[in-house]
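Asker: The file below is coords.txt, compact mmCIF, C-alpha atoms:
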```txt
# COMPACT_ATOMS: atom_id res chain seq x y z
CA MET A 1273 -20.85 -15.62 0.48
CA ARG A 1274 -17.59 -17.47 0.99
CA GLU A 1275 -15.22 -18.11 -1.92
CA LEU A 1276 -14.51 -21.57 -3.34
CA SER A 1277 -12.15 -22.92 -6.00
CA ILE A 1278 -12.89 -26.16 -7.83
CA TYR A 1279 -10.32 -28.61 -9.17
CA ILE A 1280 -11.30 -31.31 -11.68
CA HIS A 1281 -8.83 -34.16 -12.16
CA ILE A 1282 -8.66 -35.86 -15.56
CA PRO A 1283 -6.31 -38.85 -15.11
CA PHE A 1284 -5.69 -39.68 -18.78
CA CYS A 1285 -2.69 -39.14 -21.02
CA VAL A 1286 -1.41 -40.37 -24.36
CA ARG A 1287 1.78 -41.67 -22.76
CA LYS A 1288 3.42 -41.11 -19.38
CA CYS A 1289 6.37 -38.73 -19.52
CA LEU A 1290 9.56 -40.21 -18.08
CA TYR A 1291 9.64 -37.75 -15.15
CA CYS A 1292 5.93 -37.85 -14.29
CA ASP A 1293 4.64 -39.21 -10.98
CA PHE A 1294 1.18 -37.64 -11.29
CA LEU A 1295 -1.95 -39.79 -11.10
CA SER A 1296 -2.41 -40.40 -14.82
CA ALA A 1297 -2.22 -43.19 -17.41
CA PRO A 1298 -3.13 -43.98 -21.02
CA SER A 1299 -6.73 -45.08 -21.43
CA GLY A 1300 -9.40 -45.98 -23.99
CA ARG A 1301 -12.46 -44.00 -25.00
CA LYS A 1302 -14.95 -46.20 -23.09
CA GLU A 1303 -13.06 -45.73 -19.83
CA MET A 1304 -12.97 -41.98 -20.40
CA GLU A 1305 -16.73 -41.87 -21.01
CA SER A 1306 -17.38 -43.93 -17.87
CA TYR A 1307 -15.12 -41.67 -15.85
CA VAL A 1308 -16.81 -38.48 -17.03
CA ASN A 1309 -20.21 -39.89 -16.02
CA LEU A 1310 -18.84 -40.67 -12.55
CA LEU A 1311 -17.39 -37.18 -12.33
CA LEU A 1312 -20.73 -35.61 -13.22
CA ARG A 1313 -22.45 -37.61 -10.47
CA GLU A 1314 -19.84 -36.64 -7.92
CA ILE A 1315 -20.15 -32.94 -8.76
CA GLU A 1316 -23.93 -33.06 -8.40
CA LYS A 1317 -24.00 -35.08 -5.18
CA GLN A 1318 -21.27 -33.13 -3.40
CA SER A 1319 -22.59 -29.69 -4.40
CA ILE A 1320 -25.12 -29.73 -1.55
CA PHE A 1321 -22.27 -28.99 0.87
CA TYR A 1322 -21.31 -25.73 -0.84
CA GLY A 1323 -24.52 -23.72 -0.86
CA ASP A 1324 -22.86 -20.84 1.00
CA HIS A 1325 -19.90 -20.63 -1.42
CA THR A 1326 -19.34 -18.72 -4.64
CA VAL A 1327 -16.99 -20.35 -7.14
CA ILE A 1328 -14.20 -17.94 -8.12
CA SER A 1329 -12.03 -20.38 -10.10
CA ILE A 1330 -12.16 -23.78 -11.79
CA PHE A 1331 -9.08 -25.72 -12.89
CA LEU A 1332 -9.21 -28.79 -15.15
CA GLY A 1333 -5.91 -30.59 -14.64
CA GLY A 1334 -4.38 -33.98 -15.05
CA GLY A 1335 -3.11 -35.92 -16.88
CA THR A 1336 -4.16 -34.34 -20.10
CA PRO A 1337 -7.71 -32.90 -19.90
CA SER A 1338 -7.58 -32.03 -23.61
CA LEU A 1339 -7.85 -35.76 -24.40
CA LEU A 1340 -11.55 -35.45 -23.55
CA SER A 1341 -13.92 -34.47 -26.33
CA GLY A 1342 -15.13 -30.90 -26.48
CA GLY A 1343 -18.60 -32.16 -25.61
CA GLU A 1344 -17.35 -33.89 -22.46
CA VAL A 1345 -15.61 -30.74 -21.26
CA GLU A 1346 -18.79 -28.75 -21.91
CA ARG A 1347 -20.85 -31.27 -19.90
CA ILE A 1348 -18.51 -31.04 -16.92
CA LEU A 1349 -18.61 -27.25 -16.82
CA ALA A 1350 -22.37 -27.19 -17.41
CA ARG A 1351 -22.85 -29.52 -14.44
CA ILE A 1352 -20.78 -27.22 -12.22
CA ARG A 1353 -22.79 -24.18 -13.33
CA LYS A 1354 -26.04 -26.01 -12.66
CA ASN A 1355 -25.09 -26.96 -9.10
CA PHE A 1356 -22.85 -24.14 -7.85
CA ILE A 1357 -23.12 -20.38 -7.51
CA MET A 1358 -20.63 -18.86 -9.93
CA ALA A 1359 -18.81 -15.54 -9.62
CA PRO A 1360 -19.43 -13.32 -12.69
CA ASP A 1361 -15.68 -13.17 -13.38
CA VAL A 1362 -14.90 -16.83 -12.59
CA GLU A 1363 -11.47 -17.91 -13.86
CA ILE A 1364 -11.70 -21.24 -15.71
CA THR A 1365 -8.35 -22.83 -16.59
CA MET A 1366 -7.78 -25.93 -18.66
CA GLU A 1367 -4.49 -27.75 -19.05
CA CYS A 1368 -3.75 -29.00 -22.53
CA ASN A 1369 -0.83 -30.61 -24.31
CA PRO A 1370 0.35 -30.21 -27.92
CA GLY A 1371 -0.88 -32.94 -30.21
CA THR A 1372 -4.22 -33.40 -28.38
CA VAL A 1373 -6.24 -30.36 -29.49
CA THR A 1374 -8.17 -29.74 -32.72
CA PRO A 1375 -9.65 -26.46 -33.99
CA GLU A 1376 -13.09 -27.83 -33.10
CA LYS A 1377 -12.04 -28.55 -29.52
CA MET A 1378 -10.53 -25.10 -29.15
CA GLU A 1379 -13.77 -23.48 -30.28
CA SER A 1380 -15.77 -25.64 -27.86
CA TYR A 1381 -13.51 -24.53 -24.99
CA ILE A 1382 -14.34 -20.91 -25.72
CA ALA A 1383 -18.04 -21.74 -26.06
CA SER A 1384 -18.05 -23.56 -22.69
CA GLY A 1385 -16.61 -20.55 -20.88
CA ILE A 1386 -12.97 -21.56 -20.47
CA ASN A 1387 -11.00 -18.30 -20.35
CA ARG A 1388 -7.47 -19.46 -19.47
CA LEU A 1389 -5.32 -22.16 -21.07
CA SER A 1390 -2.23 -23.77 -19.55
CA ILE A 1391 -0.09 -25.40 -22.24
CA GLY A 1392 2.60 -27.93 -21.33
CA LEU A 1393 5.70 -27.16 -23.40
CA GLN A 1394 8.71 -27.72 -21.06
CA SER A 1395 11.35 -26.94 -23.72
CA THR A 1396 11.62 -25.58 -27.26
CA GLU A 1397 14.44 -28.05 -28.04
CA ASP A 1398 13.07 -31.21 -29.67
CA GLU A 1399 16.01 -33.32 -28.45
CA GLU A 1400 15.32 -32.31 -24.85
CA LEU A 1401 11.61 -33.08 -25.25
CA ALA A 1402 12.40 -36.55 -26.62
CA ARG A 1403 14.75 -37.33 -23.71
CA ILE A 1404 11.98 -36.79 -21.15
CA GLY A 1405 9.36 -38.69 -23.14
CA ARG A 1406 7.15 -35.81 -24.31
CA ILE A 1407 4.89 -36.79 -27.22
CA HIS A 1408 5.25 -33.49 -29.07
CA SER A 1409 7.74 -31.25 -30.83
CA TYR A 1410 8.22 -27.50 -30.54
CA GLY A 1411 6.42 -27.20 -33.88
CA ASP A 1412 3.41 -29.02 -32.41
CA PHE A 1413 3.38 -26.51 -29.55
CA LEU A 1414 3.41 -23.56 -31.95
CA GLU A 1415 0.37 -25.02 -33.71
CA ILE A 1416 -1.68 -25.28 -30.52
CA TYR A 1417 -0.56 -21.82 -29.39
CA GLU A 1418 -1.67 -20.28 -32.68
CA LEU A 1419 -4.94 -22.22 -32.50
CA ALA A 1420 -5.58 -20.80 -29.02
CA ARG A 1421 -4.87 -17.22 -30.08
CA GLY A 1422 -7.00 -17.65 -33.18
CA ALA A 1423 -9.91 -18.97 -31.11
CA GLY A 1424 -9.76 -15.85 -28.94
CA PHE A 1425 -7.84 -16.89 -25.82
CA GLY A 1426 -6.32 -13.82 -24.18
CA ASN A 1427 -4.93 -15.56 -21.10
CA ILE A 1428 -2.41 -18.32 -21.78
CA ASN A 1429 0.13 -19.93 -19.47
CA ILE A 1430 3.13 -21.90 -20.76
CA ASP A 1431 4.81 -24.52 -18.57
CA LEU A 1432 8.60 -24.75 -18.83
CA MET A 1433 11.16 -26.98 -17.14
CA SER A 1434 14.88 -26.52 -16.52
CA GLY A 1435 17.48 -29.03 -15.41
CA LEU A 1436 16.54 -31.53 -18.13
CA PRO A 1437 18.94 -34.24 -19.35
CA GLY A 1438 21.33 -32.77 -21.91
CA GLN A 1439 20.10 -29.22 -21.26
CA SER A 1440 22.53 -26.31 -20.99
CA SER A 1441 22.27 -22.67 -20.01
CA VAL A 1442 22.51 -21.83 -23.72
CA SER A 1443 19.59 -24.06 -24.72
CA TRP A 1444 17.54 -22.92 -21.69
CA LYS A 1445 18.06 -19.28 -22.65
CA LYS A 1446 16.93 -20.12 -26.19
CA THR A 1447 13.73 -21.61 -24.72
CA LEU A 1448 13.11 -18.47 -22.67
CA GLU A 1449 13.78 -16.24 -25.70
CA ARG A 1450 11.42 -18.16 -27.97
CA VAL A 1451 8.62 -18.37 -25.41
CA THR A 1452 8.71 -14.71 -24.32
CA ALA A 1453 8.71 -13.66 -27.98
CA LEU A 1454 5.23 -15.21 -28.21
CA LEU A 1455 4.02 -12.86 -25.44
CA PRO A 1456 2.04 -15.33 -23.30
CA GLU A 1457 0.34 -13.76 -20.30
CA HIS A 1458 1.86 -16.19 -17.81
CA ILE A 1459 4.85 -18.52 -17.54
CA SER A 1460 5.40 -21.31 -15.01
CA ALA A 1461 9.07 -22.28 -14.84
CA TYR A 1462 9.97 -25.30 -12.75
CA SER A 1463 13.20 -27.18 -12.08
CA LEU A 1464 13.12 -30.89 -12.86
CA ILE A 1465 12.70 -33.06 -9.78
CA LEU A 1466 13.68 -36.71 -10.09
CA GLU A 1467 10.70 -38.40 -8.44
CA GLU A 1468 11.41 -41.83 -7.01
CA GLY A 1469 9.98 -44.66 -9.10
CA THR A 1470 9.72 -42.72 -12.37
CA PRO A 1471 11.65 -44.07 -15.39
CA LEU A 1472 13.91 -41.03 -15.37
CA TYR A 1473 14.79 -41.70 -11.71
CA VAL A 1474 15.33 -45.43 -12.19
CA ASN A 1475 17.50 -44.97 -15.29
CA GLN A 1476 19.22 -41.71 -14.33
CA SER A 1477 22.68 -43.22 -14.76
CA GLY A 1478 21.97 -43.39 -18.49
CA TYR A 1479 21.47 -39.62 -18.78
CA THR A 1480 23.75 -36.61 -18.52
CA PHE A 1481 22.15 -34.01 -16.26
CA PRO A 1482 23.31 -30.42 -15.78
CA THR A 1483 25.81 -29.99 -12.96
CA GLU A 1484 24.71 -28.27 -9.76
CA GLU A 1485 26.50 -25.12 -10.92
CA GLU A 1486 24.78 -25.23 -14.33
CA ASP A 1487 21.43 -25.84 -12.66
CA ARG A 1488 21.87 -22.77 -10.42
CA GLU A 1489 22.93 -20.74 -13.44
CA MET A 1490 19.72 -21.69 -15.26
CA TYR A 1491 17.67 -20.91 -12.16
CA ALA A 1492 19.19 -17.44 -11.86
CA LEU A 1493 18.81 -16.83 -15.60
CA THR A 1494 15.09 -17.60 -15.38
CA GLY A 1495 14.29 -14.82 -12.92
CA GLU A 1496 16.55 -12.27 -14.58
CA TYR A 1497 15.43 -12.93 -18.13
CA LEU A 1498 11.70 -13.07 -17.39
CA ALA A 1499 11.88 -9.86 -15.34
CA GLU A 1500 13.54 -8.08 -18.27
CA ALA A 1501 10.83 -9.46 -20.55
CA GLY A 1502 8.09 -7.89 -18.42
CA TYR A 1503 7.02 -10.83 -16.27
CA CYS A 1504 6.51 -10.23 -12.56
CA ARG A 1505 7.56 -13.08 -10.32
CA TYR A 1506 4.72 -13.45 -7.81
CA GLU A 1507 5.50 -16.99 -6.60
CA ILE A 1508 8.68 -19.04 -6.51
CA SER A 1509 7.99 -20.74 -9.88
CA ASN A 1510 5.37 -18.46 -11.43
CA TYR A 1511 5.62 -15.28 -13.48
CA GLY A 1512 2.83 -13.19 -14.96
CA ARG A 1513 2.18 -9.97 -16.77
CA GLU A 1514 0.30 -7.34 -14.78
CA GLY A 1515 -3.15 -8.67 -13.84
CA PHE A 1516 -2.50 -12.26 -14.98
CA ALA A 1517 -1.43 -14.08 -11.82
CA CYS A 1518 -3.23 -17.44 -11.62
CA ARG A 1519 -6.18 -16.90 -9.29
CA HIS A 1520 -6.74 -20.61 -8.75
CA ASN A 1521 -3.22 -21.42 -7.57
CA LYS A 1522 -3.15 -18.39 -5.26
CA VAL A 1523 -6.08 -19.97 -3.39
CA TYR A 1524 -3.84 -22.92 -2.47
CA TRP A 1525 -0.95 -20.72 -1.35
CA LYS A 1526 -3.30 -18.58 0.74
CA ARG A 1527 -5.11 -21.62 2.19
CA GLY A 1528 -8.51 -20.76 0.80
CA ASP A 1529 -11.37 -23.27 0.46
CA TYR A 1530 -11.17 -25.65 -2.50
CA ALA A 1531 -13.15 -28.68 -3.63
CA GLY A 1532 -11.52 -31.42 -5.69
CA PHE A 1533 -13.48 -33.78 -7.92
CA GLY A 1534 -12.18 -36.87 -9.67
CA LEU A 1535 -9.70 -39.64 -9.03
CA GLY A 1536 -7.28 -38.81 -6.21
CA ALA A 1537 -8.49 -35.18 -5.97
CA SER A 1538 -8.02 -33.37 -2.65
CA SER A 1539 -10.34 -30.86 -0.97
CA MET A 1540 -10.00 -28.50 1.97
CA VAL A 1541 -12.79 -26.52 3.59
CA ASP A 1542 -12.74 -24.96 7.06
CA ASN A 1543 -9.36 -26.56 7.80
CA VAL A 1544 -10.68 -30.03 7.09
CA ARG A 1545 -8.90 -31.91 4.30
CA TRP A 1546 -9.97 -35.08 2.51
CA LYS A 1547 -8.94 -36.98 -0.59
CA ASN A 1548 -10.66 -39.20 -3.14
CA PRO A 1549 -9.35 -42.75 -3.73
CA GLU A 1550 -6.73 -43.21 -6.45
CA ASP A 1551 -8.20 -46.55 -7.52
CA HIS A 1552 -11.00 -46.29 -10.10
CA ALA A 1553 -13.26 -48.93 -8.51
CA ALA A 1554 -12.83 -47.44 -5.04
CA TYR A 1555 -13.51 -43.98 -6.45
CA ALA A 1556 -16.77 -45.22 -8.03
CA VAL A 1557 -17.90 -46.63 -4.65
CA CYS A 1558 -16.97 -43.36 -2.99
CA VAL A 1559 -19.00 -41.33 -5.50
CA GLU A 1560 -22.11 -43.45 -5.05
CA SER A 1561 -21.90 -43.50 -1.24
CA GLY A 1562 -21.00 -39.83 -0.90
CA GLU A 1563 -18.41 -40.86 1.68
CA ARG A 1564 -15.37 -38.68 2.29
CA ARG A 1565 -12.08 -40.58 2.53
CA GLU A 1566 -8.77 -39.83 4.24
CA VAL A 1567 -10.35 -37.04 6.30
CA GLN A 1568 -7.86 -34.93 8.25
CA ILE A 1569 -8.91 -32.21 10.67
CA LEU A 1570 -5.94 -29.87 10.73
CA THR A 1571 -4.65 -28.97 14.18
CA LEU A 1572 -3.84 -25.38 15.04
CA GLU A 1573 -0.14 -26.20 14.71
CA GLU A 1574 -0.65 -27.70 11.25
CA GLN A 1575 -2.61 -24.63 10.17
CA MET A 1576 0.19 -22.34 11.35
CA GLU A 1577 2.79 -24.46 9.54
CA GLU A 1578 0.87 -24.27 6.26
CA PHE A 1579 0.25 -20.55 6.68
CA MET A 1580 4.02 -20.05 6.80
CA PHE A 1581 5.46 -22.44 4.24
CA LEU A 1582 2.70 -21.94 1.68
CA GLY A 1583 2.43 -18.17 2.16
CA LEU A 1584 6.19 -17.67 1.93
CA ARG A 1585 6.12 -19.15 -1.56
CA LEU A 1586 4.52 -15.86 -2.62
CA MET A 1587 6.87 -12.97 -3.25
CA ARG A 1588 4.68 -10.70 -1.12
CA GLY A 1589 5.07 -13.16 1.74
CA VAL A 1590 2.80 -13.47 4.77
CA ASP A 1591 0.90 -10.89 6.80
CA THR A 1592 1.93 -10.84 10.48
CA GLU A 1593 -1.39 -9.30 11.60
CA GLU A 1594 -3.36 -11.93 9.71
CA PHE A 1595 -1.37 -14.62 11.54
CA LYS A 1596 -2.35 -13.07 14.87
CA ARG A 1597 -6.00 -12.74 13.83
CA LEU A 1598 -6.22 -16.36 12.68
CA PHE A 1599 -4.26 -18.04 15.48
CA GLY A 1600 -4.70 -15.71 18.44
CA LYS A 1601 -1.01 -15.08 19.08
CA PRO A 1602 1.81 -13.07 17.50
CA MET A 1603 3.98 -14.81 14.91
CA GLU A 1604 7.04 -14.10 17.07
CA GLU A 1605 5.57 -16.11 19.95
CA VAL A 1606 5.45 -19.23 17.77
CA TYR A 1607 8.35 -18.70 15.38
CA GLY A 1608 10.56 -16.18 17.15
CA LYS A 1609 13.71 -18.30 16.89
CA GLN A 1610 13.29 -18.99 13.17
CA LEU A 1611 12.40 -15.38 12.33
CA ALA A 1612 15.41 -13.99 14.20
CA SER A 1613 17.81 -16.50 12.67
CA PHE A 1614 16.67 -16.19 9.05
CA THR A 1615 16.41 -12.39 9.24
CA ALA A 1616 19.94 -12.16 10.63
CA GLN A 1617 21.19 -14.40 7.80
CA GLY A 1618 19.54 -12.17 5.19
CA LEU A 1619 17.07 -14.86 4.13
CA LEU A 1620 13.88 -13.11 5.35
CA PHE A 1621 12.91 -9.46 5.42
CA ARG A 1622 10.07 -7.40 6.88
CA ASP A 1623 8.16 -4.71 5.04
CA LYS A 1624 4.97 -2.92 6.17
CA GLY A 1625 3.68 -5.75 8.33
CA ARG A 1626 4.66 -8.49 5.91
CA LEU A 1627 7.38 -11.11 6.10
CA ALA A 1628 8.90 -12.42 2.85
CA LEU A 1629 11.88 -14.31 1.46
CA THR A 1630 14.85 -12.36 0.15
CA PRO A 1631 16.42 -13.45 -3.17
CA ARG A 1632 18.94 -15.49 -1.17
CA GLY A 1633 16.09 -16.96 0.84
CA ILE A 1634 14.29 -18.06 -2.32
CA ASP A 1635 17.42 -19.99 -3.36
CA VAL A 1636 17.23 -22.11 -0.17
CA SER A 1637 13.47 -21.94 0.33
CA ASN A 1638 13.00 -25.67 0.97
CA VAL A 1639 15.44 -25.55 3.87
CA ILE A 1640 13.63 -22.52 5.31
CA PHE A 1641 10.17 -24.07 4.93
CA ALA A 1642 11.28 -27.17 6.83
CA GLU A 1643 12.20 -25.03 9.81
CA PHE A 1644 8.59 -23.82 10.15
CA LEU A 1645 7.36 -27.33 10.88
CA LEU A 1646 6.40 -27.51 14.54
```
Give the structure from the file, written as structure tokens.

Answerer:
Amino acid sequence: MRELSIYIHIPFCVRKCLYCDFLSAPSGRKEMESYVNLLLREIEKQSIFYGDHTVISIFLGGGTPSLLSGGEVERILARIRKNFIMAPDVEITMECNPGTVTPEKMESYIASGINRLSIGLQSTEDEELARIGRIHSYGDFLEIYELARGAGFGNINIDLMSGLPGQSSVSWKKTLERVTALLPEHISAYSLILEEGTPLYVNQSGYTFPTEEEDREMYALTGEYLAEAGYCRYEISNYGREGFACRHNKVYWKRGDYAGFGLGASSMVDNVRWKNPEDHAAYAVCVESGERREVQILTLEEQMEEFMFLGLRLMRGVDTEEFKRLFGKPMEEVYGKQLASFTAQGLLFRDKGRLALTPRGIDVSNVIFAEFLL
């Protein structure tokens, strides 16, 4: 059997954060109920195409999936179990935000088989949270974290963000200290990106952001501090304790098969990618017709590009023999110039048939990735 990961998009939130350009928006209960019913139909109708796959991971993301009722989450997962073959050790992750989870919901998550939580914190400084439009305080986060531990969750990720308005290396270190003291199994630490069109981008002149030097200092501090705290960096922005790397996200970086359900969700199977409409009415039509939209059959060149710039996000890098097996030619034949240049500059290194970024290479990874576009 082939392996498959499933992504479920829940496009609802209490209020859009000022930096967010994800497909999400505030919504009422009736719209949520209607959406869940559509989602259930899509899962059932599309499942006929995956009879030769075993589901190894499920990820409920958004938006804020924890805005759904516990019963709605249970129905979604029950529908997947009914229509797909599940691996015995399937990883089921749910994103949740402070202020949206009750003890009853937390118990229902456990009962429905969710075994990994991803909690959006971003910062432990309430002033920094307010500046980016988060709806919660650090105290609210501590409540949901304690709820999760009390319910029995033994695999928790915490999302953090550096480079926030008014943030300093001192306050960022305090966030890292407080979070690692809680001993979560996994930490995702991202740098703020000002996405065009977001309120934070439009009104950036009204905020004081860290300087480039301060931003680099925070970036370096992240890796050093988390390593000392026992977290292994396995991807550019992700750190986990031994055995707790996120299985679902590794599927994307390794270009495995994944099926996306819900508004705007993307899928890729056998190097064919497609995406659901982002408009609710168009999505409903798509669900009922079973039609796949925005279908893209990846060329060999596009596959090689993704193999490189996605695989190099992982600290273990890419396998040169796997490249040859997949594409029928040595990596050097396609990327000889780039490999020679970046290796000479100390940005790439080879080890036992693998090619990976050096620490200096990680610092300029976006520049390197662009050079692998054919």

Asker: Using 3 Å of padding on each side, determine the axis-aligned box around all atoms of segment 1285-1289 of chain A present in the file and give its centre and edge lengths in Å to one decimal, as AutoDock Vina command-line options.

Answerer:
```
--center_x 1.8 --center_y -40.2 --center_z -21.9 --size_x 15.1 --size_y 8.9 --size_z 11.0
```

Asker: Residues within 8 Å of Ala1531 of chain A, please, as a count of residues only. Count all atoms listed in the file; anything in the same chain fewer than 5 positions from it doesn't count.

Answerer: 8

Asker: Taking all atoms listed in the file into account, which of A:Cys1368, A:Leu1586, A:Ile1569, A:Val1442 comes nearest Ser1509 of chain A?

Answerer: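 Closest candidate: A:Leu1586.
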
Asker: I need every residue sitting at most 7 Å from the point (-7.0, -22.0, -19.9) (coordinates as in the file, all atoms listed in the file considered), written as a PyMOL selection string.

Answerer: chain A and resi 1364-1367+1386-1390+1427-1428

Asker: Would you list the contacts of segment 1465-1470 of chain A as a list of chain:residue names, taking every protein, DNA or RNA residue within 8 Å and counting all atoms listed in the file, but skipping same-chain residues closer than 5 positions in sequence?

Answerer: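 Everything that qualifies: A:Leu1290, A:Tyr1291, A:Cys1292, A:Asp1293.
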
Asker: Include C-alpha atoms and write out the residues we just selected as a tab-separated table (two decimals), keeping the file's coordinate frame.

Answerer:
```
chain	number	residue	atom	x	y	z
A	1290	LEU	CA	9.56	-40.21	-18.08
A	1291	TYR	CA	9.64	-37.75	-15.15
A	1292	CYS	CA	5.93	-37.85	-14.29
A	1293	ASP	CA	4.64	-39.21	-10.98
```

Asker: For segment 1631-1639 of chain A, work out the shell of residues within 12 Å, counting all atoms listed in the file and skipping chain neighbours fewer than 3 positions away, then give it as an MDAnalysis selection string.

Answerer: chainID A and resid 1487:1489 1491:1492 1495:1496 1505:1509 1580:1587 1589 1610 1613:1621 1627:1628 1642:1645

Asker: Which residue out of A:Glu1399, A:Glu1275, A:Asp1431, A:Glu1346 has the minimum interatomic distance to Val1362 of chain A when all atoms listed in the file are used?

Answerer: A:Glu1275

Asker: Nearest residue to Tyr1479 of chain A out of A:Asp1529, A:Glu1593, A:Glu1400, A:Asp1412, using all atoms listed in the file?

Answerer: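 That would be A:Glu1400, the residue with the smallest distance to Tyr1479 of chain A.
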